[in-house]
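Below: one structure, written as structure tokens.
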Amino acid sequence: MRSKSTNLLKGRKILVAASGSIAAVKTPLLVSSLIKSGAEVRCLITPSAARLVSPLSLASLSRNKCFQEEDQWSPQQAKPLHIALAEWADLIVVAPLSASSLARWSQGLAEGLLASVLLAFEKPIVAAAAMNTGMWGNQAIKGNWERLKTFNNLLCLEPSEGLLACDRVGEGRMVSNELIQLAIESAFLQASSEGKITKDWTGLRLLTTSGPTVEPLDPARLLTNRSSGKMGVLLAQAAKLRGAKVDLIHGPLQTPEGFLEGLTTYPITNANQMKELLNELQRSANAVVMAAAVADLRLQRGQNNKKVRKEELLSTIQEDLEQVPDLLKEMATKRLPGQVLLGFAALSGEDSEIQKLGEMKRAQKDCDLLMANPIDRDGQGFEVDTNGGWLLGKNGLVQLMPVQPKLQLAHKLLDALLLSGLKN
Ligand code: CTP
């Protein structure tokens, strides 16, 4: 079940372009991270970005020359540089994209090296905007951004809110490098052979859960599990990048903070809180994915307020323990017409045993699809970046999902949800 590569960026040629926003100070670290992931990187910097960050830093970190404005029409270049770079790269990431670079690009003005390369490029592009809050809210800039969002080879990352270098607190901050790298990986998975990026979840709403739930025994002790929450968070981001509206209910996560940026999130700790939110949000969802690892047991009367002495622990909790109700099963009874439910099952044993147990669980919980994944093998399950197993559906459908990066599996599960008759 092992796939050849678990690294989505290995050997990919990525052109990193920085334009004039103070967020350009973060670009060298993005370059460094892409290099560590095995990508081949070249950099391009506009004159205003070159005043904010050193081209030498970008050259050193990318192990390549950093291209600047004056290189565009150099007699050293046999082919115009913007064409040579557009032919070389598999993907361009513009981070940050400033207001003036956005204007030139969206209006088709091939002025300067960056706009020329972007306009000549037919493969996937990821663009992360950054500017002052007032500028971001300006109608002219909003109009340019909306126009850019219609380009079919593009993933647009809107700025997030925060303290800006101009001392204003508001929208305009470039999203984190973690999210930009995730979007780059996703763009490769979403791209067709012609470089178009699919947005096939546009108009649909996904409700997903992620991470463990936690049931306290007393102020010091908890009942929980090893779920990191990565699978559910990546499903949420992948669906958003494919155009979906996403609600993510999550327990305590062990994922990079940047992975949550731009998502509508509902942090919870216990199963009761998760259940209340599911009841509220299920009615507006086209698909529900239960990727959360709900803790199995809890105290009927709630947590002991005082720490229980070790000697008395077993006798104190034994009588009071109860099973946490099955949230997925409850949702299946309230399923709306055309709403599709996907569950997960963490299992161990032989392949055939896992498929059999998985199918039993799918039928018991009455979900349309269930991803049965072994957790007793290398590179699968909790706390790792890869996962695999079998996707089980009604009428005996069994689809092998080889071990692959969790983001890639997230996209395959989103494909399967679309194919399973989900309705708007
Ligand atoms: N699930 C749920 N509510 C629970 C337990 C599980 O909604 N109380 C959901 C999980 O989110 C997952 C699926 O059911 O989508 C399978 O979870 P799993 O823990 O594997 O199943 P259990 O029924 O708890 O079985 P096991 O005995 O293997 O723990």
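Here, A, B, ... name the chains of the structure tokens in the order displayed, residue numbers run from 1 inside each chain, and ligands are numbered from 1 in the same displayed order.
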Non-local contacts of segment 284-295 of chain A (9 Å; only C-alpha atoms; under 2 positions in same chain excluded) as a VMD selection string
chain A and resid 204 to 215 223 to 227 229 231 to 233 235 246 to 247 249 to 251 270 to 271 280 to 282 297 to 298 323 to 324 326 to 328 331 336 338 to 346 417 422 to 424
Please identify all polymer residues within 7 Å of Ala49 of chain A, counting only C-alpha atoms, omitting same-chain residues fewer than 6 positions from it, and present them as a VMD selection string.
chain A and resid 18 to 21 24
Backbone-only DSSP, strand (DSSP E or B) members of segment 201-300 of chain A, as a PyMOL selection string:
chain A and resi 205-210+212+215-216+222-223+245-250+264-267+287-290+293+297-299
Selected residues, C-alpha atoms, written as a compact mmCIF listing (two decimals), in the first residue's frame, please.
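Final output, saved to out.txt:
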```txt
# COMPACT_ATOMS: atom_id res chain seq x y z
CA ARG A 205 -20.67 23.85 2.18
CA LEU A 206 -18.54 21.32 4.08
CA LEU A 207 -18.88 20.70 7.81
CA THR A 208 -15.89 18.87 9.22
CA THR A 209 -14.62 17.86 12.65
CA SER A 210 -11.04 17.26 13.63
CA PRO A 212 -9.42 14.56 19.71
CA GLU A 215 -13.21 14.30 28.86
CA PRO A 216 -11.82 15.39 32.25
CA LEU A 222 -8.12 13.50 31.23
CA LEU A 223 -9.57 10.82 28.96
CA LYS A 245 -17.49 27.28 2.36
CA VAL A 246 -16.12 25.36 5.35
CA ASP A 247 -17.04 25.04 9.03
CA LEU A 248 -14.40 23.28 11.12
CA ILE A 249 -15.23 22.08 14.65
CA HIS A 250 -12.03 20.96 16.34
CA THR A 264 -14.30 29.39 10.05
CA THR A 265 -13.32 27.46 13.16
CA TYR A 266 -15.20 26.35 16.29
CA PRO A 267 -12.75 25.19 19.00
CA ALA A 287 -21.35 17.20 3.23
CA VAL A 288 -20.26 16.28 6.75
CA VAL A 289 -16.87 14.70 7.45
CA MET A 290 -16.30 13.26 10.94
CA ALA A 293 -11.38 11.03 17.18
CA LEU A 297 -15.65 7.29 27.75
CA ARG A 298 -16.61 10.08 30.14
CA LEU A 299 -17.96 10.54 33.66
```
Would you tabulate, counting only C-alpha atoms, all residues of segment 42-79 of chain A that have an atom at most 10 Å from an atom of segment 115-121 of chain A, showing the closest pair of atoms and their distance in Å to one decimal, sorted by chain then ascending number, as a Markdown table?
```
| residue | atom | partner | partner_atom | distance |
| --- | --- | --- | --- | --- |
| A:Leu44 | CA | A:Val117 | CA | 9.8 |
| A:Thr46 | CA | A:Ala115 | CA | 9.8 |
| A:Gln72 | CA | A:Ser116 | CA | 9.5 |
```
Selected residues, C-alpha atoms, written as a CSV table (one decimal), in the first residue's frame, please.
```
chain,number,residue,atom,x,y,z
A,44,LEU,CA,12.3,37.3,-8.8
A,46,THR,CA,10.6,43.9,-8.0
A,72,GLN,CA,14.8,41.6,-18.2
```
I need the residues in segment 79-276 of chain A that are alpha helix (DSSP H) according to DSSP; give them as a PyMOL selection string.
chain A and resi 81-88+99-106+113-120+133-137+139-149+177-190+230-241+271-276
By how many Å are atom CA of Ala86 of chain A and atom CA of Lys123 of chain A apart?
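Separation between atom CA of Ala86 of chain A and atom CA of Lys123 of chain A: 8.5 Å.
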A:Ala127, A:Val308, A:Ala110, A:Met274 ranked by distance to ligand 1, top pick (using only C-alpha atoms and all ligand atoms)
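Distance minimum relative to ligand 1 lands on A:Met274.
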Contacts of segment 167-178 of chain A at 7 Å or less, counting only C-alpha atoms, minus same-chain residues fewer than 5 places along, as JSON, numbers by chain?
{"A": [23, 30, 96, 128, 129, 130, 131, 132, 133, 136, 159, 160, 161, 162, 258, 259]}
Take the residues from that selection and write them out as a PDB file, in the first residue's frame, keeping N, CA, C and O atoms.
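Result file selection.pdb:
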```pdb
ATOM      1  N   ALA A  23       5.654  42.751   3.907  1.00  0.00           N
ATOM      2  CA  ALA A  23       5.571  41.283   4.105  1.00  0.00           C
ATOM      3  C   ALA A  23       6.687  40.555   3.358  1.00  0.00           C
ATOM      4  O   ALA A  23       6.948  39.377   3.630  1.00  0.00           O
ATOM      5  N   LEU A  30      10.175  31.554   3.348  1.00  0.00           N
ATOM      6  CA  LEU A  30       9.365  30.686   2.472  1.00  0.00           C
ATOM      7  C   LEU A  30      10.287  29.935   1.514  1.00  0.00           C
ATOM      8  O   LEU A  30      10.156  28.726   1.311  1.00  0.00           O
ATOM      9  N   PRO A  96       4.997  38.566  -1.167  1.00  0.00           N
ATOM     10  CA  PRO A  96       3.660  39.151  -1.214  1.00  0.00           C
ATOM     11  C   PRO A  96       3.316  39.710  -2.601  1.00  0.00           C
ATOM     12  O   PRO A  96       4.201  40.041  -3.385  1.00  0.00           O
ATOM     13  N   ALA A 128      -0.424  35.590  -2.774  1.00  0.00           N
ATOM     14  CA  ALA A 128      -0.778  35.971  -1.400  1.00  0.00           C
ATOM     15  C   ALA A 128      -0.694  37.495  -1.284  1.00  0.00           C
ATOM     16  O   ALA A 128       0.406  38.058  -1.295  1.00  0.00           O
ATOM     17  N   ALA A 129      -1.846  38.140  -1.189  1.00  0.00           N
ATOM     18  CA  ALA A 129      -1.884  39.608  -1.160  1.00  0.00           C
ATOM     19  C   ALA A 129      -1.466  40.144   0.210  1.00  0.00           C
ATOM     20  O   ALA A 129      -1.655  39.486   1.226  1.00  0.00           O
ATOM     21  N   ALA A 130      -0.880  41.336   0.207  1.00  0.00           N
ATOM     22  CA  ALA A 130      -0.523  42.017   1.470  1.00  0.00           C
ATOM     23  C   ALA A 130      -0.503  43.509   1.220  1.00  0.00           C
ATOM     24  O   ALA A 130       0.106  43.968   0.245  1.00  0.00           O
ATOM     25  N   MET A 131      -1.178  44.247   2.061  1.00  0.00           N
ATOM     26  CA  MET A 131      -1.160  45.718   1.964  1.00  0.00           C
ATOM     27  C   MET A 131      -1.833  46.330   3.189  1.00  0.00           C
ATOM     28  O   MET A 131      -2.369  45.599   4.025  1.00  0.00           O
ATOM     29  N   ASN A 132      -1.851  47.658   3.243  1.00  0.00           N
ATOM     30  CA  ASN A 132      -2.503  48.382   4.331  1.00  0.00           C
ATOM     31  C   ASN A 132      -4.024  48.126   4.293  1.00  0.00           C
ATOM     32  O   ASN A 132      -4.594  47.926   3.221  1.00  0.00           O
ATOM     33  N   THR A 133      -4.661  48.136   5.464  1.00  0.00           N
ATOM     34  CA  THR A 133      -6.101  47.832   5.560  1.00  0.00           C
ATOM     35  C   THR A 133      -6.947  48.746   4.673  1.00  0.00           C
ATOM     36  O   THR A 133      -7.876  48.286   4.001  1.00  0.00           O
ATOM     37  N   TRP A 136      -6.543  47.713   1.085  1.00  0.00           N
ATOM     38  CA  TRP A 136      -7.228  46.438   0.813  1.00  0.00           C
ATOM     39  C   TRP A 136      -8.744  46.647   0.669  1.00  0.00           C
ATOM     40  O   TRP A 136      -9.410  45.972  -0.105  1.00  0.00           O
ATOM     41  N   PRO A 159      -5.468  38.364   2.406  1.00  0.00           N
ATOM     42  CA  PRO A 159      -4.714  38.669   3.625  1.00  0.00           C
ATOM     43  C   PRO A 159      -5.541  38.388   4.868  1.00  0.00           C
ATOM     44  O   PRO A 159      -6.768  38.409   4.825  1.00  0.00           O
ATOM     45  N   SER A 160      -4.848  38.147   5.978  1.00  0.00           N
ATOM     46  CA  SER A 160      -5.564  37.912   7.238  1.00  0.00           C
ATOM     47  C   SER A 160      -5.525  39.193   8.069  1.00  0.00           C
ATOM     48  O   SER A 160      -4.930  40.196   7.658  1.00  0.00           O
ATOM     49  N   GLU A 161      -6.142  39.132   9.237  1.00  0.00           N
ATOM     50  CA  GLU A 161      -6.197  40.302  10.113  1.00  0.00           C
ATOM     51  C   GLU A 161      -5.048  40.280  11.093  1.00  0.00           C
ATOM     52  O   GLU A 161      -4.606  39.211  11.510  1.00  0.00           O
ATOM     53  N   GLY A 162      -4.581  41.432  11.504  1.00  0.00           N
ATOM     54  CA  GLY A 162      -3.530  41.471  12.511  1.00  0.00           C
ATOM     55  C   GLY A 162      -2.961  42.873  12.616  1.00  0.00           C
ATOM     56  O   GLY A 162      -3.465  43.820  12.013  1.00  0.00           O
ATOM     57  N   GLY A 258      -0.752  28.219  11.331  1.00  0.00           N
ATOM     58  CA  GLY A 258      -1.076  28.786  10.017  1.00  0.00           C
ATOM     59  C   GLY A 258      -2.054  27.942   9.231  1.00  0.00           C
ATOM     60  O   GLY A 258      -2.759  28.458   8.353  1.00  0.00           O
ATOM     61  N   PHE A 259      -2.155  26.661   9.525  1.00  0.00           N
ATOM     62  CA  PHE A 259      -3.078  25.791   8.791  1.00  0.00           C
ATOM     63  C   PHE A 259      -4.542  26.159   9.026  1.00  0.00           C
ATOM     64  O   PHE A 259      -5.411  25.752   8.279  1.00  0.00           O
TER      65      PHE A 259
END
```
For Cys156 of chain A, which residue out of A:Leu314, A:Ile45, A:Ala84, A:Leu102 is the nearest one, using only C-alpha atoms?
A:Leu102
With only C-alpha atoms and all ligand atoms as the atoms that count, which of A:Val16, A:Met360, A:Leu234, A:Leu321 lies nearest to ligand 1?
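Of A:Val16, A:Met360, A:Leu234, A:Leu321, the one nearest ligand 1, counting only C-alpha atoms and all ligand atoms, is A:Met360.
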Please list as a list in words every residue within 12 Å of Arg104 of chain A, counting only C-alpha atoms and excluding residues in the same chain fewer than 3 positions away.
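Counting only C-alpha atoms, the residues come to Ser19, Leu97, Ser98, Ala99, Ser100, Ser101, Gln107, Gly108, Leu109, Ala110, Glu111, Gly112, Leu113, Leu114, Ala115, Ser116, Val117, Leu118, Leu119, Ile141, Asn144, Trp145, Arg147 and Leu148 of chain A.
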Would you list the contacts of Gln408 of chain A as a ChimeraX atom specification, taking every protein, DNA or RNA residue within 8 Å and counting only C-alpha atoms, but skipping same-chain residues closer than 4 positions in sequence?
/A:186,189,404,412
Give the answer as one residue: which of A:Glu40, A:Asp415, A:Asp90, A:Glu312 has the shortest atom-to-atom distance to Arg63 of chain A, using only C-alpha atoms?
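Answer, going by the shortest atom-to-atom distance: A:Glu40.
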Nearest to Arg242 of chain A: which of A:Leu182, A:Ala95, A:Ala332, A:Ala187 is it, counting only C-alpha atoms?
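Looking at the shortest contact to Arg242 of chain A, the residue is A:Ala187.
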